[in-house]
$ cat data-v1.txt   # compact mmCIF, C-alpha atoms
# COMPACT_ATOMS: atom_id res chain seq x y z
CA MET R 175 125.32 102.23 117.17
CA ALA R 176 125.68 104.96 114.56
CA VAL R 177 122.68 105.76 112.38
CA VAL R 178 123.32 105.07 108.71
CA SER R 179 122.20 107.83 106.36
CA PRO R 180 120.76 106.58 103.06
CA THR R 181 122.48 107.60 99.86
CA LEU R 182 121.80 107.53 96.13
CA THR R 183 124.93 105.58 95.26
CA LEU R 184 123.12 102.46 94.10
CA GLU R 185 120.30 104.35 92.39
CA ARG R 186 122.73 106.45 90.35
CA ARG R 187 124.53 103.33 89.18
CA LEU R 188 121.30 101.52 88.29
CA LEU R 189 119.94 104.53 86.42
CA ARG R 190 122.73 104.09 83.89
CA GLU R 191 120.89 100.93 82.82
CA TYR R 192 117.23 101.89 83.40
CA THR R 193 115.19 104.99 82.61
CA THR R 194 113.48 105.03 85.98
CA ILE R 195 113.43 103.26 89.33
CA ILE R 196 110.36 102.56 91.44
CA ALA R 197 111.43 101.84 95.02
CA LEU R 198 109.08 99.87 97.27
CA ASP R 199 108.82 99.26 100.99
CA GLU R 200 106.05 97.75 103.12
CA VAL R 201 104.62 98.68 106.51
CA GLY R 202 102.12 96.82 108.66
CA ARG R 203 103.20 93.32 107.72
CA GLY R 204 103.33 92.10 111.33
CA ALA R 205 100.33 93.98 112.69
CA LEU R 206 97.29 92.24 114.15
CA ALA R 207 94.84 94.79 112.75
CA GLY R 208 94.58 97.12 109.81
CA PRO R 209 95.84 96.85 106.24
CA VAL R 210 99.32 96.27 104.97
CA ALA R 211 100.62 99.20 102.93
CA VAL R 212 103.38 99.39 100.35
CA GLY R 213 104.90 102.74 99.52
CA ALA R 214 106.34 103.46 96.07
CA ALA R 215 108.81 106.22 95.19
CA LEU R 216 109.75 107.08 91.60
CA MET R 217 113.30 108.16 90.78
CA ASP R 218 114.92 109.15 87.49
CA ALA R 219 118.48 110.15 86.63
CA ALA R 220 117.83 113.87 87.02
CA GLY R 221 116.17 113.33 90.38
CA ALA R 222 119.04 111.16 91.55
CA ARG R 223 121.37 114.14 91.17
CA ARG R 224 119.40 116.11 93.75
CA ARG R 225 120.49 116.24 97.37
CA VAL R 226 118.87 113.74 99.73
CA PRO R 227 116.40 115.55 102.03
CA GLU R 228 117.72 116.29 105.50
CA GLY R 229 116.62 113.76 108.07
CA LEU R 230 115.53 111.09 105.59
CA ARG R 231 115.88 107.62 107.10
CA ASP R 232 114.15 104.27 107.14
CA SER R 233 110.82 105.05 108.84
CA LYS R 234 111.75 102.89 111.86
CA LEU R 235 114.65 105.26 112.55
CA VAL R 236 112.56 108.45 112.44
CA THR R 237 110.59 109.44 115.53
CA GLU R 238 106.81 109.45 115.19
CA LYS R 239 106.70 113.19 115.81
CA ARG R 240 109.11 113.93 112.95
CA ARG R 241 107.79 111.43 110.41
CA PRO R 242 105.06 113.61 108.82
CA ASP R 243 107.55 116.37 108.05
CA VAL R 244 110.13 113.92 106.70
CA ALA R 245 107.46 112.19 104.61
CA ALA R 246 106.29 115.50 103.16
CA ARG R 247 109.86 116.39 102.16
CA ALA R 248 110.35 112.93 100.67
CA GLU R 249 107.15 113.25 98.60
CA ALA R 250 108.29 116.63 97.28
CA TRP R 251 111.77 115.27 96.49
CA VAL R 252 110.94 112.13 94.49
CA GLN R 253 109.47 112.34 91.00
CA GLY R 254 106.28 110.56 92.05
CA SER R 255 104.93 108.48 94.90
CA GLY R 256 101.98 106.29 95.74
CA ILE R 257 100.58 103.83 98.26
CA GLY R 258 99.14 100.39 97.61
CA TRP R 259 96.89 98.76 100.21
CA SER R 260 95.67 95.30 101.07
CA SER R 261 92.98 95.06 103.73
CA ALA R 262 92.80 92.75 106.74
CA ALA R 263 89.98 90.85 105.02
CA GLU R 264 92.14 90.39 101.93
CA ILE R 265 95.05 89.19 104.07
CA ASP R 266 92.72 86.62 105.65
CA GLN R 267 91.56 85.51 102.20
CA VAL R 268 94.88 85.18 100.34
CA GLY R 269 97.59 85.21 103.03
CA ILE R 270 100.09 87.88 103.95
CA MET R 271 102.66 87.27 101.19
CA ARG R 272 100.14 87.46 98.34
CA ALA R 273 98.51 90.44 100.03
CA LEU R 274 101.90 92.16 100.11
CA GLY R 275 102.28 91.45 96.41
CA LEU R 276 98.85 92.88 95.64
CA ALA R 277 99.59 96.03 97.65
CA ALA R 278 102.96 96.41 95.91
CA SER R 279 101.35 95.94 92.50
CA ARG R 280 98.76 98.61 93.32
CA ALA R 281 101.50 100.99 94.44
CA ILE R 282 103.37 100.47 91.16
CA LEU R 283 100.21 101.07 89.16
CA ALA R 284 99.51 104.26 91.12
CA VAL R 285 102.97 105.64 90.34
CA SER R 286 103.12 104.46 86.73
CA ALA R 287 99.70 105.94 85.88
CA SER R 288 101.45 109.22 85.07
CA GLY R 289 103.03 107.60 82.01
CA VAL R 290 106.00 105.66 83.38
CA ASP R 291 107.21 102.96 80.97
CA LEU R 292 107.53 99.86 83.14
CA SER R 293 109.49 98.04 80.43
CA THR R 294 112.46 100.35 81.09
CA THR R 295 111.88 100.65 84.85
CA LEU R 296 113.65 98.75 87.59
CA ILE R 297 111.64 97.90 90.71
CA ILE R 298 113.82 97.86 93.80
CA LEU R 299 112.28 96.13 96.74
CA ASP R 300 113.42 96.19 100.36
CA GLY R 301 114.24 92.74 101.72
CA ASN R 302 115.31 89.45 100.17
CA HIS R 303 112.10 88.24 98.54
CA ASP R 304 110.32 89.40 95.39
CA TYR R 305 106.66 89.25 96.39
CA VAL R 306 105.31 91.42 93.56
CA SER R 307 106.30 89.79 90.25
CA ALA R 308 103.97 86.81 90.65
CA VAL R 309 100.86 88.97 91.04
CA HIS R 310 101.53 92.03 88.86
CA PRO R 311 99.57 92.00 85.57
CA GLU R 312 102.63 92.68 83.41
CA ARG R 313 106.27 91.62 83.46
CA LEU R 314 108.50 93.52 85.87
CA THR R 315 112.24 93.71 86.40
CA VAL R 316 112.72 93.45 90.16
CA ARG R 317 115.79 93.59 92.37
CA SER R 318 115.46 92.78 96.08
CA ILE R 319 117.90 94.69 98.30
CA VAL R 320 118.54 93.64 101.88
CA LYS R 321 118.49 96.72 104.13
CA GLY R 322 117.38 98.81 101.18
CA ASP R 323 115.24 100.94 103.50
CA ARG R 324 118.37 101.81 105.47
CA ASP R 325 120.85 102.30 102.62
CA CYS R 326 118.92 103.53 99.55
CA ALA R 327 117.36 106.98 99.71
CA SER R 328 114.58 106.09 97.28
CA VAL R 329 113.54 103.10 99.42
CA SER R 330 113.78 105.21 102.59
CA SER R 331 111.38 107.65 100.93
CA ALA R 332 108.92 104.88 100.12
CA SER R 333 109.24 103.61 103.69
CA VAL R 334 108.47 106.86 105.47
CA ILE R 335 105.68 107.84 103.04
CA ALA R 336 103.95 104.49 103.59
CA LYS R 337 104.47 104.58 107.36
CA VAL R 338 102.86 107.99 107.76
CA ALA R 339 99.93 107.03 105.52
CA ARG R 340 99.25 103.82 107.44
CA ASP R 341 99.68 105.44 110.87
CA THR R 342 97.23 108.16 109.85
CA LEU R 343 94.68 105.54 108.79
CA MET R 344 95.06 103.62 112.05
CA GLN R 345 94.53 106.82 114.03
CA GLU R 346 91.31 107.40 112.06
CA LEU R 347 90.14 103.82 112.73
CA HIS R 348 90.91 104.31 116.42
CA ALA R 349 87.93 106.68 116.63
CA GLN R 350 85.65 103.79 115.64
CA HIS R 351 87.25 101.25 118.00
CA PRO R 352 89.02 103.15 120.80
CA ALA R 353 89.35 100.15 123.13
CA TYR R 354 92.19 98.72 121.01
CA GLN R 355 94.29 101.91 121.31
CA TRP R 356 95.28 101.94 117.66
CA ASP R 357 96.26 105.58 118.03
CA ARG R 358 99.18 104.30 120.10
CA ASN R 359 99.98 100.81 118.80
CA LYS R 360 98.90 101.28 115.16
CA GLY R 361 97.42 97.78 115.13
CA TYR R 362 100.50 95.99 116.44
CA ALA R 363 100.54 93.60 119.39
CA SER R 364 100.79 95.82 122.45
CA GLN R 365 99.68 94.33 125.76
CA GLU R 366 96.72 96.73 125.88
CA HIS R 367 95.71 95.71 122.37
CA ARG R 368 95.72 92.01 123.24
CA ASP R 369 93.87 92.64 126.49
CA ALA R 370 91.15 94.51 124.56
CA ILE R 371 90.85 91.61 122.11
CA ARG R 372 90.41 89.16 124.98
CA ALA R 373 87.79 91.42 126.58
CA GLY R 374 85.80 92.41 123.52
CA GLY R 375 86.78 90.10 120.66
CA LEU R 376 87.89 91.07 117.18
CA SER R 377 86.85 94.07 115.12
CA PRO R 378 86.22 93.91 111.35
CA TYR R 379 89.72 95.35 110.92
CA HIS R 380 91.53 92.49 112.68
CA ARG R 381 93.29 89.74 110.75
CA ALA R 382 91.00 87.00 111.98
CA SER R 383 92.98 84.18 110.38
CA TRP R 384 95.99 84.95 112.58
CA ALA R 385 96.65 83.35 115.97
CA ILE R 386 96.08 86.72 117.56
CA ALA R 387 95.72 85.59 121.18
CA ASP R 388 99.19 84.06 121.04
CA ALA R 389 100.91 86.89 119.20
CA PRO R 390 104.04 88.27 120.94
CA THR R 391 103.81 91.71 122.49
CA LEU R 392 105.78 94.22 120.40
CA PHE R 393 105.23 97.34 122.54

$ encode --input "data-v1.txt" --output "structure tokens"
Amino acid sequence: MAVVSPTLTLERRLLREYTTIIALDEVGRGALAGPVAVGAALMDAAGARRRVPEGLRDSKLVTEKRRPDVAARAEAWVQGSGIGWSSAAEIDQVGIMRALGLAASRAILAVSASGVDLSTTLIILDGNHDYVSAVHPERLTVRSIVKGDRDCASVSSASVIAKVARDTLMQELHAQHPAYQWDRNKGYASQEHRDAIRAGGLSPYHRASWAIADAPTLF
């Protein structure tokens, strides 16, 4: 199957109607441990005329070895970027969908702190569900785009920036809890991860409200 390269076709069209776009994508939604992260990438009409960085893809299509370099180029290419986080404890407290919304809202606030006018900004969100509008403190204009992380270069940027940030955090947390092998599985349900949970129980970074023992193995 051929790899689809993201373009700016949709962003250029939308930027005829809006001053700026903030593209969002989440990582860590299905993990057993660690936070969920939402990356945000800011794009304006001038930025949308620039060439898409070489190698930019949805983070799932970029090898782990290459992701940091691609993420660095994406950060330098967009007009602003940020990460919003929601911890495992917060996910347990409010549920994954509201936690995603909170992380997305925090990512938007991080990007807009530089003076972005959200009243003339379109939020484009990977997927088919708007999980941010209900929790953000002010009104947003949101468009959900299925396969946005594959097709839209701004969303691909948000995806790879968030993925590298979360992977880096999970590697740091691995030093505190090496038995779970988060340096390899990044908190997802590998067989070794589940075996370590059965042997030693949950860490403070696990999503304790989830049926972790029955989670399918992803690696």

$ closest_residue --input "data-v1.txt" --among "R:Ser293, R:Thr193, R:Ser383, R:Asn302" --to "Ile319 in chain R" --atoms "all atoms listed in the file"
R:Asn302

$ residues_around --input "data-v1.txt" --residues "Arg340 in chain R" --least-positions-apart "3" --cutoff "8 Å" --atoms "only C-alpha atoms" --output "PyMOL selection string"
chain R and resi 201-202+209-211+336-337+343-344

$ write_last_selection --input "data-v1.txt" --atoms "C-alpha atoms" --output "PDB file, in the frame of the given file"
ATOM      1  CA  VAL R 201     104.620  98.680 106.510  1.00  0.00           C
ATOM      2  CA  GLY R 202     102.120  96.820 108.660  1.00  0.00           C
ATOM      3  CA  PRO R 209      95.840  96.850 106.240  1.00  0.00           C
ATOM      4  CA  VAL R 210      99.320  96.270 104.970  1.00  0.00           C
ATOM      5  CA  ALA R 211     100.620  99.200 102.930  1.00  0.00           C
ATOM      6  CA  ALA R 336     103.950 104.490 103.590  1.00  0.00           C
ATOM      7  CA  LYS R 337     104.470 104.580 107.360  1.00  0.00           C
ATOM      8  CA  LEU R 343      94.680 105.540 108.790  1.00  0.00           C
ATOM      9  CA  MET R 344      95.060 103.620 112.050  1.00  0.00           C
TER      10      MET R 344
END

$ residues_around --input "data-v1.txt" --residues "Asp325 in chain R" --least-positions-apart "4" --cutoff "12 Å" --atoms "only C-alpha atoms" --output "short mmCIF file (atom, residue, chain, number, x, y, z; two decimals) with C-alpha atoms, in the coordinates of the input"
data_model
loop_
_atom_site.label_atom_id
_atom_site.label_comp_id
_atom_site.auth_asym_id
_atom_site.auth_seq_id
_atom_site.Cartn_x
_atom_site.Cartn_y
_atom_site.Cartn_z
CA VAL R 177 122.68 105.76 112.38
CA VAL R 178 123.32 105.07 108.71
CA SER R 179 122.20 107.83 106.36
CA PRO R 180 120.76 106.58 103.06
CA THR R 181 122.48 107.60 99.86
CA LEU R 182 121.80 107.53 96.13
CA THR R 183 124.93 105.58 95.26
CA LEU R 184 123.12 102.46 94.10
CA GLU R 185 120.30 104.35 92.39
CA VAL R 226 118.87 113.74 99.73
CA LEU R 230 115.53 111.09 105.59
CA ARG R 231 115.88 107.62 107.10
CA ASP R 232 114.15 104.27 107.14
CA ASP R 300 113.42 96.19 100.36
CA GLY R 301 114.24 92.74 101.72
CA ILE R 319 117.90 94.69 98.30
CA VAL R 320 118.54 93.64 101.88
CA LYS R 321 118.49 96.72 104.13
CA VAL R 329 113.54 103.10 99.42
CA SER R 330 113.78 105.21 102.59
CA SER R 331 111.38 107.65 100.93
CA SER R 333 109.24 103.61 103.69
#

$ closest_residue --input "data-v1.txt" --among "R:Ala349, R:Ala373, R:Ile265, R:Ala278" --to "Leu314 in chain R" --atoms "all atoms listed in the file"
R:Ala278

$ residues_around --input "data-v1.txt" --residues "Asp341 in chain R" --least-positions-apart "3" --cutoff "12 Å" --atoms "all atoms listed in the file" --output "PDB file with C-alpha atoms, in the coordinates of the input"
ATOM      1  CA  VAL R 201     104.620  98.680 106.510  1.00  0.00           C
ATOM      2  CA  GLY R 202     102.120  96.820 108.660  1.00  0.00           C
ATOM      3  CA  ALA R 205     100.330  93.980 112.690  1.00  0.00           C
ATOM      4  CA  ALA R 207      94.840  94.790 112.750  1.00  0.00           C
ATOM      5  CA  GLY R 208      94.580  97.120 109.810  1.00  0.00           C
ATOM      6  CA  PRO R 209      95.840  96.850 106.240  1.00  0.00           C
ATOM      7  CA  VAL R 210      99.320  96.270 104.970  1.00  0.00           C
ATOM      8  CA  ALA R 211     100.620  99.200 102.930  1.00  0.00           C
ATOM      9  CA  SER R 233     110.820 105.050 108.840  1.00  0.00           C
ATOM     10  CA  GLU R 238     106.810 109.450 115.190  1.00  0.00           C
ATOM     11  CA  LYS R 239     106.700 113.190 115.810  1.00  0.00           C
ATOM     12  CA  ARG R 241     107.790 111.430 110.410  1.00  0.00           C
ATOM     13  CA  PRO R 242     105.060 113.610 108.820  1.00  0.00           C
ATOM     14  CA  VAL R 334     108.470 106.860 105.470  1.00  0.00           C
ATOM     15  CA  ILE R 335     105.680 107.840 103.040  1.00  0.00           C
ATOM     16  CA  ALA R 336     103.950 104.490 103.590  1.00  0.00           C
ATOM     17  CA  LYS R 337     104.470 104.580 107.360  1.00  0.00           C
ATOM     18  CA  VAL R 338     102.860 107.990 107.760  1.00  0.00           C
ATOM     19  CA  MET R 344      95.060 103.620 112.050  1.00  0.00           C
ATOM     20  CA  GLN R 345      94.530 106.820 114.030  1.00  0.00           C
ATOM     21  CA  GLU R 346      91.310 107.400 112.060  1.00  0.00           C
ATOM     22  CA  LEU R 347      90.140 103.820 112.730  1.00  0.00           C
ATOM     23  CA  HIS R 348      90.910 104.310 116.420  1.00  0.00           C
ATOM     24  CA  TRP R 356      95.280 101.940 117.660  1.00  0.00           C
ATOM     25  CA  ASP R 357      96.260 105.580 118.030  1.00  0.00           C
ATOM     26  CA  ARG R 358      99.180 104.300 120.100  1.00  0.00           C
ATOM     27  CA  ASN R 359      99.980 100.810 118.800  1.00  0.00           C
ATOM     28  CA  LYS R 360      98.900 101.280 115.160  1.00  0.00           C
ATOM     29  CA  GLY R 361      97.420  97.780 115.130  1.00  0.00           C
ATOM     30  CA  TYR R 362     100.500  95.990 116.440  1.00  0.00           C
TER      31      TYR R 362
END

$ residues_near_point --input "data-v1.txt" --point "(113.1, 105.2, 89.4)" --cutoff "7 Å" --atoms "all atoms listed in the file" --output "MDAnalysis selection string"
chainID R and resid 194:197 216:218 295:296

$ atom_distance --input "data-v1.txt" --atom1 "CA of His310 in chain R" --atom2 "CA of Ala215 in chain R"
17.2 Å

$ atom_distance --input "data-v1.txt" --atom1 "CA of Leu283 in chain R" --atom2 "CA of Ala214 in chain R"
9.5 Å

$ closest_residue --input "data-v1.txt" --among "R:Ala220, R:Cys326, R:Leu206, R:Val290" --to "Asp266 in chain R" --atoms "all atoms listed in the file"
R:Leu206

$ closest_residue --input "data-v1.txt" --among "R:Leu189, R:Ala332, R:Ala363, R:Leu299" --to "Ser318 in chain R" --atoms "only C-alpha atoms"
R:Leu299

$ atom_distance --input "data-v1.txt" --atom1 "CA of Gly229 in chain R" --atom2 "CA of Asp304 in chain R"
28.2 Å

$ closest_residue --input "data-v1.txt" --among "R:Leu198, R:Gly256, R:Pro227, R:Val212" --to "Arg317 in chain R" --atoms "only C-alpha atoms"
R:Leu198

$ closest_residue --input "data-v1.txt" --among "R:Thr237, R:Gln350, R:Gln267, R:Thr342" --to "Trp384 in chain R" --atoms "only C-alpha atoms"
R:Gln267

$ build_atoms --input "data-v1.txt" --residues "range 317-328 of chain R" --atoms "all heavy atoms" --output "mmCIF file, in the frame of the given file"
data_model
loop_
_atom_site.group_PDB
_atom_site.id
_atom_site.type_symbol
_atom_site.label_atom_id
_atom_site.label_comp_id
_atom_site.auth_asym_id
_atom_site.auth_seq_id
_atom_site.Cartn_x
_atom_site.Cartn_y
_atom_site.Cartn_z
ATOM 1 N N ARG R 317 114.584 93.907 91.612
ATOM 2 C CA ARG R 317 115.790 93.590 92.370
ATOM 3 C C ARG R 317 115.490 93.775 93.854
ATOM 4 O O ARG R 317 115.106 94.872 94.279
ATOM 5 C CB ARG R 317 116.964 94.470 91.963
ATOM 6 C CG ARG R 317 118.249 94.153 92.744
ATOM 7 C CD ARG R 317 119.435 94.965 92.268
ATOM 8 N NE ARG R 317 119.778 94.648 90.893
ATOM 9 C CZ ARG R 317 120.906 95.043 90.306
ATOM 10 N NH1 ARG R 317 121.796 95.750 90.985
ATOM 11 N NH2 ARG R 317 121.142 94.734 89.046
ATOM 12 N N SER R 318 115.640 92.707 94.629
ATOM 13 C CA SER R 318 115.460 92.780 96.080
ATOM 14 C C SER R 318 116.779 93.209 96.712
ATOM 15 O O SER R 318 117.836 92.706 96.350
ATOM 16 C CB SER R 318 115.041 91.419 96.642
ATOM 17 O OG SER R 318 113.818 91.008 96.070
ATOM 18 N N ILE R 319 116.707 94.135 97.664
ATOM 19 C CA ILE R 319 117.900 94.690 98.300
ATOM 20 C C ILE R 319 117.749 94.593 99.810
ATOM 21 O O ILE R 319 116.885 95.265 100.395
ATOM 22 C CB ILE R 319 118.134 96.151 97.879
ATOM 23 C CG1 ILE R 319 118.281 96.252 96.351
ATOM 24 C CG2 ILE R 319 119.352 96.733 98.583
ATOM 25 C CD1 ILE R 319 118.365 97.660 95.838
ATOM 26 N N VAL R 320 118.559 93.763 100.430
ATOM 27 C CA VAL R 320 118.540 93.640 101.880
ATOM 28 C C VAL R 320 119.002 94.958 102.504
ATOM 29 O O VAL R 320 120.002 95.538 102.063
ATOM 30 C CB VAL R 320 119.435 92.471 102.344
ATOM 31 C CG1 VAL R 320 119.512 92.416 103.860
ATOM 32 C CG2 VAL R 320 118.902 91.153 101.785
ATOM 33 N N LYS R 321 118.241 95.437 103.473
ATOM 34 C CA LYS R 321 118.490 96.720 104.130
ATOM 35 C C LYS R 321 118.383 97.899 103.161
ATOM 36 O O LYS R 321 119.001 98.955 103.357
ATOM 37 C CB LYS R 321 119.837 96.742 104.861
ATOM 38 C CG LYS R 321 119.947 95.696 105.959
ATOM 39 C CD LYS R 321 121.200 95.881 106.782
ATOM 40 C CE LYS R 321 121.352 94.773 107.823
ATOM 41 N NZ LYS R 321 120.214 94.670 108.739
ATOM 42 N N GLY R 322 117.595 97.722 102.115
ATOM 43 C CA GLY R 322 117.380 98.810 101.180
ATOM 44 C C GLY R 322 116.761 100.032 101.831
ATOM 45 O O GLY R 322 117.069 101.173 101.460
ATOM 46 N N ASP R 323 115.874 99.811 102.822
ATOM 47 C CA ASP R 323 115.240 100.940 103.500
ATOM 48 C C ASP R 323 116.230 101.739 104.324
ATOM 49 O O ASP R 323 116.014 102.914 104.602
ATOM 50 C CB ASP R 323 114.058 100.477 104.362
ATOM 51 C CG ASP R 323 114.428 99.374 105.344
ATOM 52 O OD1 ASP R 323 115.590 98.925 105.365
ATOM 53 O OD2 ASP R 323 113.527 98.948 106.101
ATOM 54 N N ARG R 324 117.321 101.111 104.709
ATOM 55 C CA ARG R 324 118.370 101.810 105.470
ATOM 56 C C ARG R 324 119.362 102.508 104.550
ATOM 57 O O ARG R 324 119.813 103.632 104.839
ATOM 58 C CB ARG R 324 119.119 100.807 106.355
ATOM 59 C CG ARG R 324 120.183 101.421 107.251
ATOM 60 C CD ARG R 324 121.140 100.371 107.800
ATOM 61 N NE ARG R 324 121.985 99.799 106.737
ATOM 62 C CZ ARG R 324 122.927 98.891 106.956
ATOM 63 N NH1 ARG R 324 123.104 98.409 108.172
ATOM 64 N NH2 ARG R 324 123.659 98.430 105.942
ATOM 65 N N ASP R 325 119.720 101.856 103.433
ATOM 66 C CA ASP R 325 120.850 102.300 102.620
ATOM 67 C C ASP R 325 120.482 103.122 101.397
ATOM 68 O O ASP R 325 121.302 103.926 100.933
ATOM 69 C CB ASP R 325 121.664 101.083 102.164
ATOM 70 C CG ASP R 325 122.259 100.301 103.329
ATOM 71 O OD1 ASP R 325 122.496 100.905 104.394
ATOM 72 O OD2 ASP R 325 122.467 99.077 103.173
ATOM 73 N N CYS R 326 119.306 102.899 100.818
ATOM 74 C CA CYS R 326 118.920 103.530 99.550
ATOM 75 C C CYS R 326 117.897 104.633 99.807
ATOM 76 O O CYS R 326 116.815 104.372 100.334
ATOM 77 C CB CYS R 326 118.336 102.498 98.598
ATOM 78 S SG CYS R 326 119.473 101.172 98.179
ATOM 79 N N ALA R 327 118.221 105.844 99.406
ATOM 80 C CA ALA R 327 117.360 106.980 99.710
ATOM 81 C C ALA R 327 115.979 106.853 99.085
ATOM 82 O O ALA R 327 114.981 107.294 99.663
ATOM 83 C CB ALA R 327 118.030 108.282 99.258
ATOM 84 N N SER R 328 115.894 106.241 97.903
ATOM 85 C CA SER R 328 114.580 106.090 97.280
ATOM 86 C C SER R 328 113.702 105.132 98.087
ATOM 87 O O SER R 328 112.497 105.372 98.260
ATOM 88 C CB SER R 328 114.722 105.574 95.844
ATOM 89 O OG SER R 328 115.370 104.311 95.812
#
